[in-house]
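As provided, coords.pdb (PDB, C-alpha atoms) reads as follows.
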```pdb
ATOM      1  CA  MET S 219     -17.480  58.716  80.603  1.00  0.00           C
ATOM      2  CA  SER S 220     -14.177  58.312  82.268  1.00  0.00           C
ATOM      3  CA  SER S 221     -11.199  57.246  80.248  1.00  0.00           C
ATOM      4  CA  SER S 222     -10.804  54.039  82.291  1.00  0.00           C
ATOM      5  CA  THR S 223     -14.138  52.592  81.134  1.00  0.00           C
ATOM      6  CA  GLN S 224     -13.746  53.416  77.461  1.00  0.00           C
ATOM      7  CA  PRO S 225     -11.016  51.586  75.565  1.00  0.00           C
ATOM      8  CA  ARG S 226      -8.551  53.890  73.884  1.00  0.00           C
ATOM      9  CA  ILE S 227      -7.088  53.334  70.473  1.00  0.00           C
ATOM     10  CA  SER S 228      -3.401  54.127  70.264  1.00  0.00           C
ATOM     11  CA  ARG S 229      -2.254  56.943  68.022  1.00  0.00           C
ATOM     12  CA  LEU S 230      -0.290  54.531  65.873  1.00  0.00           C
ATOM     13  CA  LEU S 231      -3.380  52.406  65.281  1.00  0.00           C
ATOM     14  CA  LEU S 232      -5.429  55.516  64.566  1.00  0.00           C
ATOM     15  CA  TRP S 233      -2.988  56.811  61.939  1.00  0.00           C
ATOM     16  CA  LEU S 234      -2.596  53.350  60.490  1.00  0.00           C
ATOM     17  CA  SER S 235      -6.376  53.171  60.059  1.00  0.00           C
ATOM     18  CA  VAL S 236      -6.297  56.522  58.229  1.00  0.00           C
ATOM     19  CA  VAL S 237      -3.657  55.274  55.791  1.00  0.00           C
ATOM     20  CA  VAL S 238      -5.320  51.896  55.290  1.00  0.00           C
ATOM     21  CA  ALA S 239      -8.722  53.538  54.699  1.00  0.00           C
ATOM     22  CA  ALA S 240      -7.234  56.117  52.302  1.00  0.00           C
ATOM     23  CA  LEU S 241      -5.855  53.485  49.925  1.00  0.00           C
ATOM     24  CA  PRO S 242      -9.152  51.780  48.967  1.00  0.00           C
ATOM     25  CA  ALA S 243     -10.976  55.111  49.256  1.00  0.00           C
ATOM     26  CA  PHE S 244      -8.797  56.400  46.430  1.00  0.00           C
ATOM     27  CA  GLU S 245      -8.486  53.222  44.358  1.00  0.00           C
ATOM     28  CA  LEU S 246     -12.134  52.149  44.374  1.00  0.00           C
ATOM     29  CA  PRO S 247     -13.595  55.351  42.816  1.00  0.00           C
ATOM     30  CA  LYS S 248     -10.669  55.658  40.398  1.00  0.00           C
ATOM     31  CA  ASN S 249     -11.125  52.089  39.165  1.00  0.00           C
ATOM     32  CA  TRP S 250     -14.922  52.428  38.995  1.00  0.00           C
ATOM     33  CA  ILE S 251     -14.728  55.601  36.897  1.00  0.00           C
ATOM     34  CA  ALA S 252     -12.240  54.000  34.500  1.00  0.00           C
ATOM     35  CA  TYR S 253     -14.284  50.782  34.269  1.00  0.00           C
ATOM     36  CA  SER S 254     -17.650  52.467  33.711  1.00  0.00           C
ATOM     37  CA  ASP S 255     -16.238  54.867  31.109  1.00  0.00           C
ATOM     38  CA  ARG S 256     -14.645  51.941  29.277  1.00  0.00           C
ATOM     39  CA  GLN S 257     -17.883  49.917  29.342  1.00  0.00           C
ATOM     40  CA  VAL S 258     -20.099  52.730  28.046  1.00  0.00           C
ATOM     41  CA  HIS S 259     -17.453  53.805  25.506  1.00  0.00           C
ATOM     42  CA  SER S 260     -17.165  57.368  26.807  1.00  0.00           C
ATOM     43  CA  SER S 261     -14.734  59.395  24.794  1.00  0.00           C
ATOM     44  CA  PRO S 262     -11.885  60.988  26.745  1.00  0.00           C
ATOM     45  CA  PHE S 263     -12.606  64.333  25.064  1.00  0.00           C
ATOM     46  CA  LEU S 264     -14.744  66.522  27.379  1.00  0.00           C
ATOM     47  CA  ASN S 265     -15.394  63.623  29.740  1.00  0.00           C
ATOM     48  CA  PHE S 266     -16.160  65.198  33.105  1.00  0.00           C
ATOM     49  CA  HIS S 267     -16.822  61.895  34.868  1.00  0.00           C
ATOM     50  CA  PRO S 268     -13.306  61.709  36.416  1.00  0.00           C
ATOM     51  CA  LEU S 269     -14.019  65.012  38.186  1.00  0.00           C
ATOM     52  CA  PHE S 270     -16.539  63.151  40.350  1.00  0.00           C
ATOM     53  CA  ALA S 271     -13.569  61.510  42.063  1.00  0.00           C
ATOM     54  CA  PHE S 272     -13.357  64.686  44.170  1.00  0.00           C
ATOM     55  CA  LEU S 273     -16.724  63.665  45.644  1.00  0.00           C
ATOM     56  CA  TYR S 274     -16.325  59.905  45.614  1.00  0.00           C
ATOM     57  CA  VAL S 275     -12.938  59.671  47.366  1.00  0.00           C
ATOM     58  CA  PRO S 276     -13.930  61.562  50.556  1.00  0.00           C
ATOM     59  CA  LEU S 277     -17.242  59.725  50.714  1.00  0.00           C
ATOM     60  CA  ALA S 278     -15.520  56.370  50.338  1.00  0.00           C
ATOM     61  CA  PHE S 279     -13.023  57.371  53.029  1.00  0.00           C
ATOM     62  CA  GLY S 280     -15.931  58.317  55.274  1.00  0.00           C
ATOM     63  CA  LEU S 281     -17.269  54.787  54.872  1.00  0.00           C
ATOM     64  CA  PHE S 282     -14.010  52.846  55.196  1.00  0.00           C
ATOM     65  CA  TRP S 283     -12.325  54.715  58.053  1.00  0.00           C
ATOM     66  CA  PRO S 284     -15.106  54.351  60.658  1.00  0.00           C
ATOM     67  CA  ILE S 285     -15.311  50.647  59.897  1.00  0.00           C
ATOM     68  CA  LEU S 286     -11.586  50.337  60.549  1.00  0.00           C
ATOM     69  CA  ILE S 287     -11.971  52.347  63.770  1.00  0.00           C
ATOM     70  CA  ALA S 288     -14.723  49.964  64.923  1.00  0.00           C
ATOM     71  CA  ILE S 289     -12.529  46.956  64.099  1.00  0.00           C
ATOM     72  CA  ALA S 290      -9.632  48.512  66.024  1.00  0.00           C
ATOM     73  CA  ALA S 291     -11.905  49.197  69.013  1.00  0.00           C
ATOM     74  CA  TRP S 292     -13.124  45.605  68.953  1.00  0.00           C
ATOM     75  CA  ALA S 293      -9.572  44.278  68.697  1.00  0.00           C
ATOM     76  CA  THR S 294      -8.217  46.445  71.543  1.00  0.00           C
ATOM     77  CA  ARG S 295     -11.044  46.005  74.056  1.00  0.00           C
ATOM     78  CA  ARG S 296     -10.367  44.191  77.267  1.00  0.00           C
ATOM     79  CA  PRO S 297     -11.949  40.800  77.914  1.00  0.00           C
ATOM     80  CA  GLY S 298     -15.321  41.068  79.626  1.00  0.00           C
ATOM     81  CA  GLN S 299     -15.681  44.721  78.732  1.00  0.00           C
ATOM     82  CA  PRO S 300     -18.550  45.708  76.430  1.00  0.00           C
ATOM     83  CA  LEU S 301     -17.699  47.123  73.025  1.00  0.00           C
ATOM     84  CA  VAL S 302     -17.903  50.898  73.137  1.00  0.00           C
ATOM     85  CA  TRP S 303     -17.744  53.001  70.022  1.00  0.00           C
ATOM     86  CA  PRO S 304     -14.368  54.747  70.347  1.00  0.00           C
ATOM     87  CA  ALA S 305     -14.979  57.974  68.482  1.00  0.00           C
ATOM     88  CA  LYS S 306     -18.173  59.893  68.057  1.00  0.00           C
ATOM     89  CA  ALA S 307     -16.575  61.672  65.131  1.00  0.00           C
ATOM     90  CA  ALA S 308     -16.139  58.374  63.290  1.00  0.00           C
ATOM     91  CA  LEU S 309     -19.804  57.537  63.762  1.00  0.00           C
ATOM     92  CA  ILE S 310     -20.868  60.970  62.548  1.00  0.00           C
ATOM     93  CA  VAL S 311     -18.553  60.725  59.532  1.00  0.00           C
ATOM     94  CA  PHE S 312     -19.931  57.286  58.682  1.00  0.00           C
ATOM     95  CA  ILE S 313     -23.572  58.419  58.894  1.00  0.00           C
ATOM     96  CA  LEU S 314     -22.935  61.545  56.822  1.00  0.00           C
ATOM     97  CA  SER S 315     -20.954  59.636  54.214  1.00  0.00           C
ATOM     98  CA  ALA S 316     -23.583  56.906  53.961  1.00  0.00           C
ATOM     99  CA  CYS S 317     -26.389  59.444  53.588  1.00  0.00           C
ATOM    100  CA  CYS S 318     -24.499  61.474  50.980  1.00  0.00           C
ATOM    101  CA  SER S 319     -23.151  58.532  49.001  1.00  0.00           C
ATOM    102  CA  ALA S 320     -26.461  56.637  48.693  1.00  0.00           C
ATOM    103  CA  PRO S 321     -27.976  59.036  46.107  1.00  0.00           C
ATOM    104  CA  LEU S 322     -24.665  59.204  44.248  1.00  0.00           C
ATOM    105  CA  VAL S 323     -24.498  55.408  44.037  1.00  0.00           C
ATOM    106  CA  VAL S 324     -28.045  55.318  42.639  1.00  0.00           C
ATOM    107  CA  LEU S 325     -27.269  58.040  40.083  1.00  0.00           C
ATOM    108  CA  GLU S 326     -24.016  56.365  39.093  1.00  0.00           C
ATOM    109  CA  HIS S 327     -25.816  53.042  38.604  1.00  0.00           C
ATOM    110  CA  ARG S 328     -28.474  54.714  36.445  1.00  0.00           C
ATOM    111  CA  ARG S 329     -25.794  56.419  34.359  1.00  0.00           C
ATOM    112  CA  TYR S 330     -24.029  53.106  33.890  1.00  0.00           C
ATOM    113  CA  VAL S 331     -27.237  51.231  32.906  1.00  0.00           C
ATOM    114  CA  TYR S 332     -28.306  53.965  30.478  1.00  0.00           C
ATOM    115  CA  GLY S 333     -24.833  53.996  28.965  1.00  0.00           C
ATOM    116  CA  LEU S 334     -24.897  50.224  28.467  1.00  0.00           C
ATOM    117  CA  GLU S 335     -28.348  50.478  26.882  1.00  0.00           C
ATOM    118  CA  ALA S 336     -27.059  53.158  24.510  1.00  0.00           C
ATOM    119  CA  VAL S 337     -24.069  50.974  23.585  1.00  0.00           C
ATOM    120  CA  ARG S 338     -26.375  47.991  22.935  1.00  0.00           C
ATOM    121  CA  ALA S 339     -28.749  50.128  20.839  1.00  0.00           C
ATOM    122  CA  GLU S 340     -25.850  51.470  18.766  1.00  0.00           C
ATOM    123  CA  GLN S 341     -24.467  47.954  18.312  1.00  0.00           C
ATOM    124  CA  GLN S 342     -27.875  46.694  17.211  1.00  0.00           C
ATOM    125  CA  ARG S 343     -28.241  49.615  14.784  1.00  0.00           C
ATOM    126  CA  MET S 344     -24.814  48.891  13.309  1.00  0.00           C
ATOM    127  CA  ASP S 345     -25.609  45.172  12.992  1.00  0.00           C
ATOM    128  CA  THR S 346     -28.858  46.018  11.192  1.00  0.00           C
ATOM    129  CA  PHE S 347     -27.024  48.427   8.893  1.00  0.00           C
ATOM    130  CA  ARG S 348     -24.340  45.839   8.084  1.00  0.00           C
ATOM    131  CA  ALA S 349     -26.983  43.198   7.406  1.00  0.00           C
ATOM    132  CA  GLU S 350     -28.828  45.557   5.042  1.00  0.00           C
ATOM    133  CA  GLN S 351     -25.582  46.380   3.239  1.00  0.00           C
ATOM    134  CA  GLU S 352     -24.738  42.688   2.890  1.00  0.00           C
ATOM    135  CA  GLN S 353     -28.253  41.952   1.632  1.00  0.00           C
ATOM    136  CA  GLU S 354     -27.996  44.731  -0.981  1.00  0.00           C
ATOM    137  CA  LYS S 355     -24.586  43.451  -2.046  1.00  0.00           C
ATOM    138  CA  GLN S 356     -25.872  39.871  -2.426  1.00  0.00           C
ATOM    139  CA  LYS S 357     -28.901  41.126  -4.342  1.00  0.00           C
ATOM    140  CA  ALA S 358     -26.699  43.113  -6.724  1.00  0.00           C
ATOM    141  CA  LEU S 359     -24.330  40.179  -7.248  1.00  0.00           C
ATOM    142  CA  THR S 360     -27.230  37.821  -7.925  1.00  0.00           C
ATOM    143  CA  GLN S 361     -28.748  40.230 -10.443  1.00  0.00           C
ATOM    144  CA  LEU S 362     -25.352  40.733 -12.098  1.00  0.00           C
ATOM    145  CA  LYS S 363     -24.841  36.960 -12.393  1.00  0.00           C
ATOM    146  CA  THR S 364     -28.299  36.354 -13.862  1.00  0.00           C
ATOM    147  CA  ASN S 365     -28.538  39.302 -16.282  1.00  0.00           C
ATOM    148  CA  GLY S 366     -24.902  40.117 -16.868  1.00  0.00           C
ATOM    149  CA  LEU S 367     -24.036  43.640 -17.993  1.00  0.00           C
ATOM    150  CA  ALA S 368     -27.642  44.226 -19.028  1.00  0.00           C
ATOM    151  CA  SER S 369     -28.590  44.418 -15.342  1.00  0.00           C
ATOM    152  CA  LEU S 370     -26.697  47.706 -14.989  1.00  0.00           C
ATOM    153  CA  SER S 371     -29.223  50.493 -15.492  1.00  0.00           C
ATOM    154  CA  GLU S 372     -26.683  53.282 -15.918  1.00  0.00           C
ATOM    155  CA  PRO S 373     -24.158  53.323 -18.725  1.00  0.00           C
ATOM    156  CA  LEU S 374     -20.548  52.853 -17.769  1.00  0.00           C
ATOM    157  CA  PRO S 375     -18.394  55.955 -18.187  1.00  0.00           C
ATOM    158  CA  ASP S 376     -15.842  55.904 -20.957  1.00  0.00           C
ATOM    159  CA  LEU S 377     -12.560  55.306 -19.230  1.00  0.00           C
ATOM    160  CA  ARG S 378     -10.507  56.611 -22.170  1.00  0.00           C
ATOM    161  CA  SER S 379     -11.981  60.122 -21.979  1.00  0.00           C
ATOM    162  CA  THR S 380     -11.147  60.674 -18.288  1.00  0.00           C
ATOM    163  CA  PRO S 381      -7.823  62.433 -17.674  1.00  0.00           C
TER     164      PRO S 381
END
```

As C-alpha coordinates, how would this structure be written, given the file I've shared?
Amino acid sequence: MSSSTQPRISRLLLWLSVVVAALPAFELPKNWIAYSDRQVHSSPFLNFHPLFAFLYVPLAFGLFWPILIAIAAWATRRPGQPLVWPAKAALIVFILSACCSAPLVVLEHRRYVYGLEAVRAEQQRMDTFRAEQEQEKQKALTQLKTNGLASLSEPLPDLRSTP
(Lines of atoms letter the chains of each structure in order from A and count residues from 1; the text may use other names and numbers.)
(Lines give C-alpha, C1' and ligand atoms only; values in the text may rest on other atoms or scores of the structure.)
Protein backbone atom coordinates (compact mmCIF):
# COMPACT_ATOMS: atom_id res chain seq x y z
CA MET A 1 0.00 0.00 0.00
CA SER A 2 1.18 3.46 -0.67
CA SER A 3 1.53 5.89 2.17
CA SER A 4 -1.10 8.22 0.66
CA THR A 5 -3.93 5.69 1.04
CA GLN A 6 -3.11 4.61 4.58
CA PRO A 7 -3.55 7.20 7.32
CA ARG A 8 -0.42 7.80 9.33
CA ILE A 9 -0.34 8.31 13.05
CA SER A 10 2.03 11.04 14.15
CA ARG A 11 5.00 10.14 16.29
CA LEU A 12 3.69 12.25 19.14
CA LEU A 13 0.38 10.39 19.11
CA LEU A 14 2.20 7.07 18.91
CA TRP A 15 4.40 7.83 21.94
CA LEU A 16 1.46 9.27 23.81
CA SER A 17 -0.43 6.01 23.23
CA VAL A 18 2.55 4.08 24.64
CA VAL A 19 2.57 6.18 27.82
CA VAL A 20 -1.21 6.11 28.22
CA ALA A 21 -1.30 2.32 27.70
CA ALA A 22 1.61 1.76 30.11
CA LEU A 23 -0.17 3.42 33.04
CA PRO A 24 -3.21 1.09 33.27
CA ALA A 25 -1.06 -1.85 32.15
CA PHE A 26 1.01 -1.37 35.29
CA GLU A 27 -1.74 -0.30 37.70
CA LEU A 28 -4.34 -2.92 36.83
CA PRO A 29 -2.19 -6.02 37.59
CA LYS A 30 -0.65 -4.36 40.65
CA ASN A 31 -4.07 -3.53 42.10
CA TRP A 32 -5.50 -6.96 41.22
CA ILE A 33 -2.63 -8.79 42.93
CA ALA A 34 -2.99 -6.66 46.06
CA TYR A 35 -6.79 -7.04 46.09
CA SER A 36 -6.83 -10.81 45.55
CA ASP A 37 -4.12 -11.41 48.15
CA ARG A 38 -6.05 -9.29 50.65
CA GLN A 39 -9.32 -11.13 49.94
CA VAL A 40 -7.85 -14.63 50.29
CA HIS A 41 -5.76 -13.58 53.31
CA SER A 42 -2.42 -14.53 51.76
CA SER A 43 0.44 -13.93 54.11
CA PRO A 44 3.20 -11.65 52.83
CA PHE A 45 5.81 -14.22 53.89
CA LEU A 46 6.85 -16.34 50.86
CA ASN A 47 4.03 -14.94 48.74
CA PHE A 48 5.17 -15.33 45.15
CA HIS A 49 1.98 -13.93 43.64
CA PRO A 50 3.44 -10.41 43.11
CA LEU A 51 6.11 -11.97 40.87
CA PHE A 52 3.36 -12.67 38.33
CA ALA A 53 3.29 -8.93 37.65
CA PHE A 54 6.27 -9.55 35.35
CA LEU A 55 3.87 -11.54 33.15
CA TYR A 56 0.70 -9.55 33.69
CA VAL A 57 2.07 -6.07 32.94
CA PRO A 58 3.39 -6.83 29.42
CA LEU A 59 0.25 -8.79 28.58
CA ALA A 60 -1.97 -5.96 29.76
CA PHE A 61 0.13 -3.51 27.74
CA GLY A 62 -0.29 -5.75 24.72
CA LEU A 63 -4.05 -5.45 25.13
CA PHE A 64 -4.30 -1.73 25.89
CA TRP A 65 -1.80 -0.30 23.40
CA PRO A 66 -3.32 -1.76 20.21
CA ILE A 67 -6.73 -0.52 21.28
CA LEU A 68 -5.30 2.97 21.68
CA ILE A 69 -3.60 2.68 18.28
CA ALA A 70 -6.95 1.72 16.70
CA ILE A 71 -8.65 4.67 18.40
CA ALA A 72 -5.90 7.00 17.16
CA ALA A 73 -6.25 5.62 13.61
CA TRP A 74 -10.00 6.15 13.74
CA ALA A 75 -9.58 9.69 15.07
CA THR A 76 -6.97 10.70 12.47
CA ARG A 77 -8.57 9.20 9.36
CA ARG A 78 -9.80 11.50 6.66
CA PRO A 79 -13.53 11.83 5.99
CA GLY A 80 -14.77 9.34 3.42
CA GLN A 81 -11.70 7.16 3.78
CA PRO A 82 -12.18 3.63 5.12
CA LEU A 83 -10.62 2.76 8.45
CA VAL A 84 -7.35 0.95 7.88
CA TRP A 85 -5.48 -0.73 10.68
CA PRO A 86 -2.39 1.46 11.08
CA ALA A 87 0.17 -1.01 12.36
CA LYS A 88 0.42 -4.70 11.71
CA ALA A 89 2.65 -4.96 14.74
CA ALA A 90 -0.13 -3.66 16.98
CA LEU A 91 -2.53 -6.28 15.64
CA ILE A 92 0.02 -9.04 16.15
CA VAL A 93 0.77 -7.83 19.68
CA PHE A 94 -2.94 -7.73 20.50
CA ILE A 95 -3.57 -11.26 19.20
CA LEU A 96 -0.55 -12.69 21.02
CA SER A 97 -1.42 -10.91 24.25
CA ALA A 98 -5.05 -12.02 24.09
CA CYS A 99 -4.07 -15.63 23.43
CA CYS A 100 -1.47 -15.66 26.21
CA SER A 101 -3.53 -13.79 28.78
CA ALA A 102 -6.73 -15.86 28.40
CA PRO A 103 -5.34 -18.94 30.21
CA LEU A 104 -3.74 -16.73 32.86
CA VAL A 105 -7.05 -14.98 33.51
CA VAL A 106 -8.77 -18.35 33.92
CA LEU A 107 -6.06 -19.63 36.28
CA GLU A 108 -6.11 -16.40 38.27
CA HIS A 109 -9.89 -16.61 38.62
CA ARG A 110 -9.66 -20.22 39.80
CA ARG A 111 -6.98 -19.29 42.33
CA TYR A 112 -9.15 -16.47 43.61
CA VAL A 113 -12.30 -18.65 43.90
CA TYR A 114 -10.41 -21.46 45.64
CA GLY A 115 -8.84 -18.95 48.02
CA LEU A 116 -12.24 -17.49 48.88
CA GLU A 117 -13.62 -20.99 49.45
CA ALA A 118 -10.71 -21.75 51.78
CA VAL A 119 -11.33 -18.51 53.70
CA ARG A 120 -15.04 -19.34 54.03
CA ALA A 121 -14.27 -22.90 55.18
CA GLU A 122 -11.81 -21.62 57.79
CA GLN A 123 -14.33 -19.03 58.97
CA GLN A 124 -17.02 -21.68 59.25
CA ARG A 125 -14.65 -23.98 61.17
CA MET A 126 -13.78 -21.17 63.57
CA ASP A 127 -17.46 -20.29 64.06
CA THR A 128 -18.23 -23.95 64.83
CA PHE A 129 -15.30 -24.10 67.26
CA ARG A 130 -16.41 -20.91 69.03
CA ALA A 131 -19.98 -22.19 69.26
CA GLU A 132 -18.78 -25.48 70.78
CA GLN A 133 -16.62 -23.59 73.28
CA GLU A 134 -19.53 -21.35 74.24
CA GLN A 135 -21.82 -24.37 74.59
CA GLU A 136 -19.29 -26.13 76.86
CA LYS A 137 -18.91 -22.97 78.93
CA GLN A 138 -22.69 -22.59 79.33
CA LYS A 139 -23.00 -26.27 80.23
CA ALA A 140 -20.29 -25.95 82.88
CA LEU A 141 -21.84 -22.80 84.33
CA THR A 142 -25.27 -24.42 84.46
CA GLN A 143 -23.88 -27.49 86.21
CA LEU A 144 -21.93 -25.30 88.64
CA LYS A 145 -25.07 -23.28 89.47
CA THR A 146 -27.22 -26.38 90.02
CA ASN A 147 -24.76 -28.58 91.96
CA GLY A 148 -22.40 -26.01 93.40
CA LEU A 149 -18.90 -27.15 94.33
CA ALA A 150 -20.03 -30.77 94.29
CA SER A 151 -20.20 -30.60 90.49
CA LEU A 152 -16.40 -30.34 90.30
CA SER A 153 -15.08 -33.86 89.81
CA GLU A 154 -11.45 -33.05 90.59
CA PRO A 155 -10.34 -31.73 93.95
CA LEU A 156 -9.10 -28.18 94.04
CA PRO A 157 -5.37 -27.83 94.68
CA ASP A 158 -4.33 -26.43 98.02
CA LEU A 159 -3.33 -22.88 97.30
CA ARG A 160 -1.31 -22.55 100.52
CA SER A 161 1.15 -25.29 99.57
CA THR A 162 2.12 -23.77 96.20
CA PRO A 163 5.20 -21.54 96.30

Residue contacts of Ser235 of chain S (10 Å, all atoms listed in the file) excluding same-chain residues fewer than 2 positions away, as a VMD selection string: chain S and resid 229 to 233 237 to 240 282 to 287 289 to 290

All residues 12 Å or closer to Gln341 of chain S, all atoms listed in the file, same chain fewer than 6 positions away omitted, as a ChimeraX atom specification: /S:258-259,334-335,347-348

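Separating atom CA of Arg329 of chain S from atom CA of Lys248 of chain S is a distance of 16.3 Å.
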
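Picture a line from atom CA of Ser254 of chain S to atom CA of Gly333 of chain S; it runs 8.7 Å.
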
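Rounded to one decimal, atom CA of Asn265 of chain S and atom CA of Tyr332 of chain S lie 16.1 Å from each other.
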
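You can rank S:Ala358, S:Pro276, S:Gln257, S:Thr294 by their closest distance to Val311 of chain S using all atoms listed in the file, and at the top of that list sits S:Pro276.
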
Residues near Ala278 of chain S, cut-off 10 Å, only C-alpha atoms, skip fewer than 2 positions along chain, as a PyMOL selection string: chain S and resi 239-240+242-247+271+273-276+280-283+312+315-316+319

Long-range neighbours of Ser260 of chain S as a PyMOL selection string, 12 Å cut-off, all atoms listed in the file, 4 positions minimum in chain: chain S and resi 251-256+264-268+329-330+333-334+336-337
